[in-house]
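Structure file my_file.txt; described as compact mmCIF, C-alpha atoms and all ligand atoms.
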```
# COMPACT_ATOMS: atom_id res chain seq x y z
CA MET H 259 -11.20 -44.53 10.90
CA LYS H 260 -9.64 -44.88 7.46
CA ARG H 261 -6.09 -46.15 6.90
CA PHE H 262 -3.62 -43.27 6.64
CA THR H 263 0.07 -42.43 6.29
CA PHE H 264 1.40 -39.38 8.07
CA ASP H 265 4.77 -38.03 7.03
CA TYR H 266 5.06 -35.53 9.86
CA THR H 267 7.56 -32.71 9.37
CA SER H 268 8.24 -30.34 12.22
CA PRO H 269 11.04 -28.38 13.80
CA ARG H 270 11.79 -29.03 17.46
CA VAL H 271 9.52 -26.63 19.39
CA VAL H 272 10.14 -24.86 22.67
CA PHE H 273 6.90 -23.19 23.72
CA GLY H 274 5.66 -20.87 26.45
CA ALA H 275 6.20 -17.59 28.27
CA GLN H 276 9.92 -16.92 28.82
CA SER H 277 10.93 -19.85 26.66
CA VAL H 278 13.41 -17.54 24.95
CA SER H 279 15.60 -18.16 28.00
CA ALA H 280 16.20 -21.63 26.53
CA LEU H 281 18.12 -20.08 23.60
CA PRO H 282 21.66 -20.83 24.89
CA ASP H 283 20.77 -24.49 25.49
CA GLU H 284 19.07 -24.81 22.13
CA ILE H 285 22.06 -23.33 20.27
CA ARG H 286 24.39 -25.71 22.12
CA ARG H 287 22.13 -28.63 21.36
CA LEU H 288 22.28 -27.85 17.65
CA GLY H 289 26.06 -27.35 17.78
CA LEU H 290 25.79 -23.89 16.19
CA ARG H 291 28.82 -21.67 16.82
CA SER H 292 28.61 -18.72 14.51
CA LEU H 293 25.17 -17.27 13.85
CA LEU H 294 23.90 -14.50 11.58
CA VAL H 295 20.99 -12.74 13.30
CA VAL H 296 18.25 -11.86 10.79
CA SER H 297 15.46 -9.33 11.53
CA THR H 298 13.69 -6.28 10.13
CA ARG H 299 15.17 -2.86 10.91
CA ASP H 300 12.30 -2.21 13.36
CA GLN H 301 13.12 -5.37 15.30
CA HIS H 302 16.93 -4.98 15.33
CA GLU H 303 17.11 -3.83 18.96
CA LEU H 304 14.76 -6.60 20.08
CA ALA H 305 16.90 -9.14 18.23
CA LYS H 306 20.07 -7.77 19.86
CA ASP H 307 18.48 -8.08 23.32
CA ILE H 308 17.35 -11.63 22.66
CA VAL H 309 20.77 -12.89 21.53
CA ARG H 310 22.73 -11.13 24.30
CA PRO H 311 23.09 -14.37 26.33
CA ILE H 312 24.72 -16.04 23.30
CA ASN H 313 26.88 -13.08 22.21
CA ASP H 314 29.95 -15.30 21.89
CA SER H 315 28.18 -17.27 19.14
CA ILE H 316 27.01 -14.25 17.12
CA ALA H 317 28.94 -13.68 13.87
CA GLY H 318 26.91 -10.68 12.69
CA TYR H 319 23.54 -9.04 12.05
CA PHE H 320 21.40 -8.54 8.98
CA ASP H 321 18.43 -6.29 9.72
CA GLY H 322 17.18 -5.71 6.19
CA ALA H 323 14.36 -8.30 6.02
CA THR H 324 11.35 -6.86 4.14
CA MET H 325 7.93 -7.97 2.85
CA HIS H 326 7.82 -10.53 0.01
CA VAL H 327 11.51 -11.54 0.36
CA PRO H 328 12.87 -9.61 -2.68
CA VAL H 329 15.77 -11.39 -4.37
CA GLU H 330 18.03 -8.31 -3.92
CA VAL H 331 17.52 -8.56 -0.17
CA VAL H 332 18.34 -12.28 -0.26
CA GLU H 333 21.59 -11.46 -2.07
CA LYS H 334 22.54 -8.76 0.44
CA ALA H 335 21.77 -11.11 3.32
CA GLN H 336 23.84 -13.87 1.69
CA ARG H 337 26.81 -11.45 1.42
CA ALA H 338 26.36 -10.51 5.09
CA PHE H 339 26.35 -14.22 5.99
CA GLU H 340 29.53 -14.90 4.03
CA ASP H 341 31.35 -11.73 5.17
CA ALA H 342 30.58 -12.57 8.80
CA GLY H 343 31.86 -16.15 8.38
CA ALA H 344 28.58 -17.44 9.80
CA ASP H 345 27.63 -21.12 9.88
CA SER H 346 23.89 -20.78 10.63
CA ILE H 347 21.00 -18.38 11.05
CA ILE H 348 18.81 -17.15 13.85
CA ALA H 349 15.68 -15.33 12.63
CA ILE H 350 13.65 -13.14 14.97
CA GLY H 351 10.41 -11.65 13.62
CA GLY H 352 7.35 -12.30 11.49
CA GLY H 353 6.73 -14.18 8.27
CA SER H 354 8.91 -11.83 6.21
CA THR H 355 11.98 -12.39 8.40
CA THR H 356 11.37 -16.13 8.61
CA GLY H 357 10.90 -16.14 4.82
CA LEU H 358 14.36 -14.63 4.34
CA ALA H 359 15.94 -17.17 6.71
CA LYS H 360 14.25 -19.96 4.77
CA ILE H 361 15.67 -18.88 1.40
CA LEU H 362 19.13 -18.49 2.94
CA SER H 363 18.91 -21.97 4.44
CA MET H 364 17.96 -23.39 1.06
CA ARG H 365 20.63 -21.50 -0.92
CA LEU H 366 23.46 -22.06 1.54
CA GLY H 367 22.44 -25.42 2.98
CA VAL H 368 22.67 -24.11 6.55
CA SER H 369 20.56 -24.60 9.69
CA SER H 370 18.27 -22.02 11.23
CA LEU H 371 16.59 -21.38 14.55
CA VAL H 372 13.49 -19.17 14.38
CA ILE H 373 11.87 -17.04 17.07
CA PRO H 374 8.50 -15.89 15.66
CA THR H 375 6.88 -12.65 16.82
CA THR H 376 3.62 -12.79 14.79
CA TYR H 377 0.98 -15.43 14.05
CA ALA H 378 1.95 -16.02 10.39
CA GLY H 379 3.04 -19.64 11.04
CA SER H 380 5.67 -19.72 8.28
CA GLU H 381 8.23 -21.29 10.66
CA MET H 382 6.20 -24.53 10.58
CA THR H 383 6.10 -24.94 6.81
CA THR H 384 8.41 -26.17 4.07
CA ILE H 385 7.01 -23.44 1.79
CA TRP H 386 9.43 -20.77 0.58
CA GLY H 387 8.69 -17.64 -1.40
CA THR H 388 10.74 -14.90 -3.03
CA THR H 389 10.02 -11.96 -5.36
CA GLU H 390 11.97 -11.06 -8.49
CA ASP H 391 10.98 -8.22 -10.86
CA GLY H 392 7.64 -7.98 -9.05
CA LEU H 393 6.84 -11.66 -9.57
CA LYS H 394 6.44 -13.94 -6.58
CA ARG H 395 7.83 -17.46 -6.86
CA THR H 396 6.98 -20.10 -4.26
CA GLY H 397 7.87 -23.72 -3.78
CA ARG H 398 8.39 -26.44 -1.22
CA ASP H 399 11.72 -27.68 0.06
CA ALA H 400 12.42 -29.55 3.30
CA ARG H 401 15.73 -27.66 3.69
CA VAL H 402 13.90 -24.43 4.55
CA LEU H 403 12.37 -25.81 7.73
CA PRO H 404 14.06 -24.43 10.87
CA LYS H 405 15.79 -26.95 13.14
CA THR H 406 14.24 -25.36 16.22
CA VAL H 407 11.45 -22.86 16.85
CA ILE H 408 11.14 -20.96 20.11
CA TYR H 409 7.61 -19.65 20.62
CA ASP H 410 7.66 -17.07 23.39
CA PRO H 411 4.32 -15.21 23.67
CA LEU H 412 5.98 -12.39 25.64
CA LEU H 413 7.60 -11.33 22.36
CA THR H 414 4.19 -10.87 20.70
CA ILE H 415 2.82 -8.37 23.22
CA GLY H 416 4.07 -5.44 21.13
CA LEU H 417 2.31 -6.70 18.02
CA PRO H 418 -0.38 -4.04 17.41
CA PRO H 419 -3.93 -5.41 17.94
CA ALA H 420 -4.95 -4.70 14.31
CA ILE H 421 -2.07 -6.84 12.95
CA SER H 422 -2.64 -9.45 15.66
CA VAL H 423 -6.27 -9.84 14.56
CA THR H 424 -5.69 -10.07 10.80
CA SER H 425 -2.66 -12.32 11.21
CA GLY H 426 -4.71 -14.54 13.59
CA LEU H 427 -7.58 -14.76 11.07
CA ASN H 428 -5.04 -15.55 8.33
CA ALA H 429 -3.79 -18.45 10.48
CA ILE H 430 -7.36 -19.68 11.09
CA ALA H 431 -7.86 -19.80 7.30
CA HIS H 432 -5.06 -22.41 6.96
CA ALA H 433 -6.68 -24.76 9.46
CA VAL H 434 -10.20 -24.19 8.16
CA GLU H 435 -9.27 -25.08 4.58
CA GLY H 436 -7.15 -27.93 5.95
CA LEU H 437 -10.34 -29.50 7.33
CA TYR H 438 -11.63 -30.20 3.82
CA ALA H 439 -8.26 -31.15 2.32
CA ALA H 440 -7.93 -34.64 0.83
CA GLU H 441 -4.77 -35.32 2.93
CA LEU H 442 -6.54 -34.71 6.26
CA ASN H 443 -5.88 -37.41 8.87
CA PRO H 444 -7.04 -37.71 12.49
CA ILE H 445 -3.86 -36.12 13.90
CA LEU H 446 -4.01 -33.12 11.59
CA GLU H 447 -7.76 -32.86 12.24
CA MET H 448 -7.01 -32.46 15.95
CA MET H 449 -4.34 -29.88 15.21
CA CYS H 450 -6.64 -27.87 12.91
CA LYS H 451 -9.44 -27.87 15.47
CA GLN H 452 -7.10 -26.95 18.32
CA GLY H 453 -5.62 -24.13 16.26
CA ILE H 454 -9.00 -22.66 15.35
CA VAL H 455 -10.35 -22.97 18.90
CA ALA H 456 -7.25 -21.31 20.38
CA LEU H 457 -7.34 -18.36 17.98
CA ILE H 458 -11.11 -17.82 18.03
CA ASP H 459 -10.92 -17.72 21.78
CA ALA H 460 -7.79 -15.54 21.97
CA ILE H 461 -8.62 -12.83 19.39
CA PRO H 462 -11.33 -10.98 21.39
CA ARG H 463 -9.23 -11.26 24.56
CA LEU H 464 -6.09 -9.79 23.01
CA VAL H 465 -8.11 -6.96 21.45
CA ALA H 466 -9.59 -6.15 24.87
CA LYS H 467 -6.17 -6.38 26.55
CA PRO H 468 -3.14 -6.57 24.23
CA ALA H 469 -0.81 -7.46 27.13
CA ASP H 470 -2.93 -10.42 28.25
CA ILE H 471 -0.26 -13.15 28.45
CA ASP H 472 -2.77 -16.00 28.47
CA ALA H 473 -4.49 -14.68 25.33
CA ARG H 474 -1.11 -14.14 23.63
CA THR H 475 -0.06 -17.67 24.62
CA ASP H 476 -3.25 -19.20 23.21
CA ALA H 477 -2.93 -17.20 19.99
CA LEU H 478 0.69 -18.28 19.47
CA PHE H 479 -0.25 -21.90 20.11
CA GLY H 480 -3.02 -21.49 17.53
CA ALA H 481 -0.50 -20.06 15.06
CA TRP H 482 1.71 -23.12 15.57
CA MET H 483 -1.18 -25.51 14.93
CA CYS H 484 -2.46 -23.59 11.90
CA GLY H 485 1.06 -23.33 10.41
CA THR H 486 1.33 -27.11 10.74
CA ALA H 487 -1.95 -27.45 8.83
CA LEU H 488 -0.59 -25.23 6.05
CA CYS H 489 2.54 -27.36 5.79
CA HIS H 490 0.77 -30.71 5.49
CA LEU H 491 -2.58 -30.01 3.85
CA GLY H 492 -3.60 -28.75 0.43
CA MET H 493 -5.42 -25.42 0.37
CA GLY H 494 -8.51 -24.60 -1.76
CA LEU H 495 -10.56 -21.72 -3.12
CA HIS H 496 -9.97 -19.35 -0.20
CA HIS H 497 -6.18 -19.43 -0.59
CA LYS H 498 -6.45 -19.24 -4.38
CA LEU H 499 -8.59 -16.08 -4.13
CA CYS H 500 -6.26 -14.49 -1.58
CA HIS H 501 -3.23 -15.32 -3.71
CA THR H 502 -4.87 -13.51 -6.64
CA LEU H 503 -5.96 -10.55 -4.50
CA GLY H 504 -2.42 -10.18 -3.15
CA GLY H 505 -0.43 -11.11 -6.25
CA THR H 506 -2.49 -9.41 -8.97
CA LEU H 507 -4.17 -6.53 -7.14
CA ASN H 508 -1.47 -6.05 -4.51
CA LEU H 509 -4.00 -6.04 -1.64
CA PRO H 510 -2.49 -6.58 1.84
CA HIS H 511 -2.00 -10.30 2.57
CA ALA H 512 -3.46 -10.86 6.05
CA GLU H 513 -6.30 -8.35 5.58
CA ALA H 514 -7.42 -10.04 2.36
CA HIS H 515 -7.50 -13.40 4.19
CA ALA H 516 -9.52 -11.86 7.03
CA VAL H 517 -12.15 -10.46 4.64
CA VAL H 518 -12.49 -13.46 2.31
CA LEU H 519 -12.58 -16.30 4.86
CA PRO H 520 -16.29 -16.17 5.90
CA HIS H 521 -17.35 -15.79 2.25
CA ALA H 522 -15.20 -18.70 1.03
CA LEU H 523 -16.82 -20.83 3.75
CA ALA H 524 -20.35 -19.75 2.80
CA TYR H 525 -19.53 -21.02 -0.69
CA ASN H 526 -17.66 -24.21 0.23
CA LEU H 527 -19.26 -25.64 3.38
CA PRO H 528 -22.52 -26.81 1.73
CA ASN H 529 -20.28 -29.22 -0.24
CA ALA H 530 -17.97 -30.15 2.65
CA PRO H 531 -20.26 -31.91 5.17
CA THR H 532 -17.50 -33.34 7.36
CA ALA H 533 -15.59 -30.08 7.62
CA ARG H 534 -18.90 -28.30 8.24
CA ARG H 535 -19.78 -30.63 11.10
CA LEU H 536 -16.32 -30.24 12.65
CA LEU H 537 -16.41 -26.46 12.33
CA GLU H 538 -19.93 -26.27 13.76
CA GLY H 539 -18.60 -28.20 16.75
CA VAL H 540 -15.72 -25.75 17.09
CA VAL H 541 -17.82 -22.56 16.94
CA GLY H 542 -20.80 -24.06 18.81
CA ASN H 543 -23.52 -23.19 16.27
CA ASP H 544 -24.54 -23.92 12.66
CA ASP H 545 -23.55 -20.55 11.21
CA VAL H 546 -19.79 -20.90 10.82
CA PRO H 547 -19.39 -18.14 8.17
CA GLY H 548 -21.52 -15.70 10.21
CA THR H 549 -19.60 -16.51 13.40
CA LEU H 550 -16.24 -15.81 11.73
CA TYR H 551 -17.63 -12.62 10.18
CA ASP H 552 -18.81 -11.45 13.63
CA LEU H 553 -15.46 -12.36 15.17
CA ALA H 554 -13.68 -10.15 12.60
CA LYS H 555 -16.25 -7.36 12.97
CA ASN H 556 -16.11 -7.28 16.76
CA ALA H 557 -12.30 -7.32 16.67
CA GLY H 558 -12.24 -4.29 14.35
CA ALA H 559 -10.83 -6.14 11.33
CA PRO H 560 -11.65 -4.91 7.82
CA LEU H 561 -14.85 -6.52 6.49
CA SER H 562 -14.86 -5.53 2.83
CA LEU H 563 -12.39 -5.82 -0.02
CA ALA H 564 -13.37 -2.26 -0.99
CA GLU H 565 -11.94 -0.88 2.24
CA ILE H 566 -8.57 -2.59 1.70
CA GLY H 567 -8.09 -1.16 -1.78
CA MET H 568 -10.04 -3.26 -4.31
CA ARG H 569 -12.15 -1.50 -6.98
CA SER H 570 -15.48 -2.90 -8.20
CA GLU H 571 -14.06 -3.23 -11.75
CA ASP H 572 -11.51 -5.71 -10.31
CA ILE H 573 -14.27 -8.26 -9.50
CA PRO H 574 -14.38 -9.76 -13.04
CA ILE H 575 -10.55 -9.94 -13.14
CA VAL H 576 -10.44 -11.94 -9.90
CA LEU H 577 -13.37 -14.08 -11.02
CA ASP H 578 -11.59 -14.90 -14.29
CA LEU H 579 -8.36 -15.86 -12.53
CA ALA H 580 -10.21 -17.94 -9.92
CA LEU H 581 -11.89 -19.94 -12.69
CA LYS H 582 -8.73 -20.36 -14.75
CA ASP H 583 -6.64 -22.92 -12.84
CA GLN H 584 -7.88 -26.24 -11.62
CA TYR H 585 -7.20 -26.85 -7.94
CA PRO H 586 -8.78 -29.10 -5.34
CA ASN H 587 -11.87 -27.58 -3.76
CA PRO H 588 -14.92 -29.22 -2.17
CA ARG H 589 -17.35 -27.33 -4.41
CA PRO H 590 -16.86 -27.06 -8.16
CA LEU H 591 -15.99 -23.56 -9.33
CA GLU H 592 -19.28 -22.06 -10.54
CA PRO H 593 -19.18 -18.57 -12.11
CA ASP H 594 -22.48 -17.42 -10.56
CA GLY H 595 -21.63 -18.65 -7.09
CA LEU H 596 -18.15 -17.15 -7.22
CA GLU H 597 -19.54 -13.83 -8.41
CA THR H 598 -21.89 -13.75 -5.42
CA LEU H 599 -18.98 -14.64 -3.13
CA LEU H 600 -16.80 -11.83 -4.53
CA ALA H 601 -19.61 -9.25 -4.49
CA ASN H 602 -20.43 -10.11 -0.85
CA ALA H 603 -16.75 -9.87 0.10
CA PHE H 604 -16.31 -6.65 -1.87
CA TYR H 605 -19.19 -4.91 -0.10
CA GLY H 606 -18.56 -6.56 3.27
CA ARG H 607 -22.04 -8.13 3.53
CA ARG H 608 -22.70 -10.67 6.25
CA PRO H 609 -22.30 -14.03 4.44
CA THR H 610 -25.11 -16.55 3.98
CA PHE H 611 -24.90 -19.98 2.40
CA HIS H 612 -25.60 -19.76 -1.35
N1 LIG X 1 5.98 -19.63 3.63
C1 LIG X 1 4.97 -19.77 4.46
O1 LIG X 1 4.62 -20.88 4.85
C2 LIG X 1 4.25 -18.55 4.95
C3 LIG X 1 3.19 -18.70 5.86
C4 LIG X 1 2.54 -17.56 6.31
C5 LIG X 1 2.96 -16.30 5.88
N2 LIG X 1 3.99 -16.21 4.99
C6 LIG X 1 4.46 -14.87 4.53
O2 LIG X 1 4.75 -14.05 5.65
C7 LIG X 1 4.51 -12.70 5.33
C8 LIG X 1 3.65 -12.04 6.39
O3 LIG X 1 4.25 -12.20 7.66
P1 LIG X 1 3.71 -11.41 8.93
O4 LIG X 1 2.25 -11.27 8.85
O5 LIG X 1 4.31 -12.09 10.10
O6 LIG X 1 4.30 -9.94 8.74
P2 LIG X 1 5.79 -9.38 8.63
O7 LIG X 1 6.81 -10.38 8.98
O8 LIG X 1 5.91 -8.71 7.29
O9 LIG X 1 5.82 -8.27 9.78
C9 LIG X 1 5.07 -7.08 9.64
C10 LIG X 1 5.68 -5.96 10.48
O10 LIG X 1 5.45 -6.21 11.85
C11 LIG X 1 6.64 -6.02 12.59
N3 LIG X 1 6.56 -6.92 13.74
C12 LIG X 1 6.68 -8.26 13.72
N4 LIG X 1 6.49 -8.76 14.95
C13 LIG X 1 6.25 -7.70 15.78
C14 LIG X 1 5.97 -7.59 17.16
N5 LIG X 1 5.87 -8.65 17.95
N6 LIG X 1 5.79 -6.35 17.67
C15 LIG X 1 5.83 -5.25 16.86
N7 LIG X 1 6.10 -5.31 15.53
C16 LIG X 1 6.30 -6.52 15.00
C17 LIG X 1 7.76 -6.32 11.62
O11 LIG X 1 8.97 -5.67 11.95
C18 LIG X 1 7.19 -5.81 10.30
O12 LIG X 1 7.49 -4.43 10.15
C19 LIG X 1 3.82 -12.69 3.97
O13 LIG X 1 4.75 -12.30 2.99
C20 LIG X 1 3.39 -14.12 3.76
O14 LIG X 1 3.37 -14.49 2.41
C21 LIG X 1 4.65 -17.29 4.54
```
As a first step, turn the structure in this file into structure tokens.
Amino acid sequence: MKRFTFDYTSPRVVFGAQSVSALPDEIRRLGLRSLLVVSTRDQHELAKDIVRPINDSIAGYFDGATMHVPVEVVEKAQRAFEDAGADSIIAIGGGSTTGLAKILSMRLGVSSLVIPTTYAGSEMTTIWGTTEDGLKRTGRDARVLPKTVIYDPLLTIGLPPAISVTSGLNAIAHAVEGLYAAELNPILEMMCKQGIVALIDAIPRLVAKPADIDARTDALFGAWMCGTALCHLGMGLHHKLCHTLGGTLNLPHAEAHAVVLPHALAYNLPNAPTARRLLEGVVGNDDVPGTLYDLAKNAGAPLSLAEIGMRSEDIPIVLDLALKDQYPNPRPLEPDGLETLLANAFYGRRPTFH
């Protein structure tokens, strides 16, 4: 084993079915007295139910969280925070809601407690993002990390299977790319593997039975592990492509990840022997890209970029942008290879190493 330094950053985590009942103790532990509850409009009633046991500590509600954390929404939420005389934030919802809480924590220098209801994993990362005039800005700041995260799988039962699957595959992508990151260490390697195993195992079960508590528990554990990978490890070609597909072509975030992942691996794994060996161990065969493609197919996830809104004339645009920036990746960026990757992903072909 090589020498390594691990600067581990994590919120305190309370995990498991009914762990939301720990909320009053967790609030007390943090010394929070006056919380703004942040959610989307759809999840307002759920949020109200969850905070009922700590009603005395609730200063107000902001239920306007939306996708991409637009700066106007951040400003409205900040006004709600100040008008309510709040001292901290409790966020209940998916990556968009957590994203808003993170920006507020950074701007106002206040603590947050997050109760995630999807598998996005944002609650585990120091990455923030906001959108202004259609442009997404992202960065890293330790202040955005929640103080405590309560992972209660019972709250994910209502997450529709289609979103559960794509958001689970999106989480897997963080851990998969983490396995060939330069910063990988033995602890993070364990976490990546555990995250992938948990989600690969859970996805077919939660499609077959969305209310399966064990499957939901495994998937949420996987999301935690994969979010940790995203926080600590550099991401490569797969994330770069998805960023372009989302940012430039406005394709849906999790769906784009779900489609591209097997193809990015067919391109990268021949040059990432250690990650390949680890992933082969995880999936139990030597066709990791094909196995992930089949997992998505059998779970009803989209398989082609065409079906999620890309046009064939967009392929050269994405190819150009992928080649433009330099970023760490196990295999050098080769125009021919990337074109094959994008064409396979566009048409939804079963990936083969190339
Ligand atoms: N900063 C980071 O580290 C990081 C990491 C991952 C994702 N993200 C960001 O998170 C966003 C995606 O988050 P997401 O996939 O969680 O989607 P989301 O938060 O946008 O939620 C999608 C919809 O699902 C609803 N919903 C959430 N949980 C539900 C549940 N349990 N039952 C029923 N409905 C539910 C929400 O109300 C919302 O309408 C993206 O913008 C992405 O960039 C950020």
Dump as a tab-separated table the rows for residues of chain H within 9 Å of ligand LIG 1 (chain X): closest atom pair and distance in Å with one decimal, only C-alpha atoms and all ligand atoms counted, ordered by chain and rising residue number.
```
residue	atom	partner	partner_atom	distance
H:Ser297	CA	X:LIG1	O11	7.5
H:Thr298	CA	X:LIG1	O11	5.1
H:Arg299	CA	X:LIG1	O11	6.9
H:Asp300	CA	X:LIG1	O11	5.0
H:Gln301	CA	X:LIG1	O11	5.3
H:His302	CA	X:LIG1	O11	8.7
H:Ala323	CA	X:LIG1	O7	8.4
H:Thr324	CA	X:LIG1	O8	6.6
H:Met325	CA	X:LIG1	O8	4.9
H:His326	CA	X:LIG1	O13	4.6
H:Val327	CA	X:LIG1	O13	7.3
H:Ile350	CA	X:LIG1	N4	8.4
H:Gly351	CA	X:LIG1	C12	5.0
H:Gly352	CA	X:LIG1	O7	3.2
H:Gly353	CA	X:LIG1	O3	3.2
H:Ser354	CA	X:LIG1	O7	3.8
H:Thr355	CA	X:LIG1	O7	5.6
H:Thr356	CA	X:LIG1	O7	7.3
H:Gly357	CA	X:LIG1	N1	6.1
H:Lys360	CA	X:LIG1	N1	8.4
H:Pro374	CA	X:LIG1	N4	7.4
H:Thr375	CA	X:LIG1	N5	4.3
H:Thr376	CA	X:LIG1	O5	4.8
H:Tyr377	CA	X:LIG1	O5	6.2
H:Ala378	CA	X:LIG1	C4	4.4
H:Gly379	CA	X:LIG1	C4	5.2
H:Ser380	CA	X:LIG1	C3	3.6
H:Glu381	CA	X:LIG1	O1	6.9
H:Met382	CA	X:LIG1	O1	7.0
H:Thr383	CA	X:LIG1	O1	4.7
H:Thr384	CA	X:LIG1	O1	6.6
H:Ile385	CA	X:LIG1	N1	4.4
H:Trp386	CA	X:LIG1	N1	4.7
H:Gly387	CA	X:LIG1	N1	6.1
H:Thr388	CA	X:LIG1	O13	8.9
H:Thr396	CA	X:LIG1	N1	8.0
H:Gly397	CA	X:LIG1	N1	8.7
H:Arg398	CA	X:LIG1	N1	8.7
H:Pro411	CA	X:LIG1	N5	8.8
H:Leu412	CA	X:LIG1	N5	8.6
H:Leu413	CA	X:LIG1	N5	5.4
H:Thr414	CA	X:LIG1	N5	3.9
H:Ile415	CA	X:LIG1	N5	6.1
H:Gly416	CA	X:LIG1	N6	4.0
H:Leu417	CA	X:LIG1	N6	3.5
H:Pro418	CA	X:LIG1	C15	6.4
H:Ile421	CA	X:LIG1	O4	7.4
H:Ser422	CA	X:LIG1	O4	8.6
H:Thr424	CA	X:LIG1	O4	8.3
H:Ser425	CA	X:LIG1	O4	5.5
H:Asn428	CA	X:LIG1	C4	8.1
H:Ala429	CA	X:LIG1	C4	7.6
H:Gly485	CA	X:LIG1	C3	6.8
H:Leu488	CA	X:LIG1	O1	6.9
H:Cys489	CA	X:LIG1	O1	6.9
H:His511	CA	X:LIG1	C19	6.4
H:Ala512	CA	X:LIG1	O4	6.4
```
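Between Ile575 (chain H) and the residues H:Gln452, H:Thr475, H:Thr502, H:Ser279, the shortest atom-to-atom distance, using only C-alpha atoms, involves H:Thr502.
Distance annotation: of H:Ile361, H:Met483, H:Val407, H:Ile308, the residue with the minimal separation from Leu288 (chain H) is H:Val407; atom set is all atoms listed in the file.
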For CA of Ala456 (chain H) and CA of Val434 (chain H), the interatomic separation in Å (one decimal) = 12.9 Å
As a check of understanding: the span from CA of Gly504 (chain H) to CA of Lys394 (chain H) is 10.2 Å
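Using all atoms listed in the file, the residues found no farther than 10 Å from Val541 (chain H), other than those of its own chain fewer than 4 positions away, are Ile454, Val455, Ile458, Asp459, Leu536, Leu537, Asp545, Val546, Pro547, Thr549 and Leu550 of chain H.
One distance worth recording is that between CA of Leu478 (chain H) and CA of Val517 (chain H), which is 21.1 Å.
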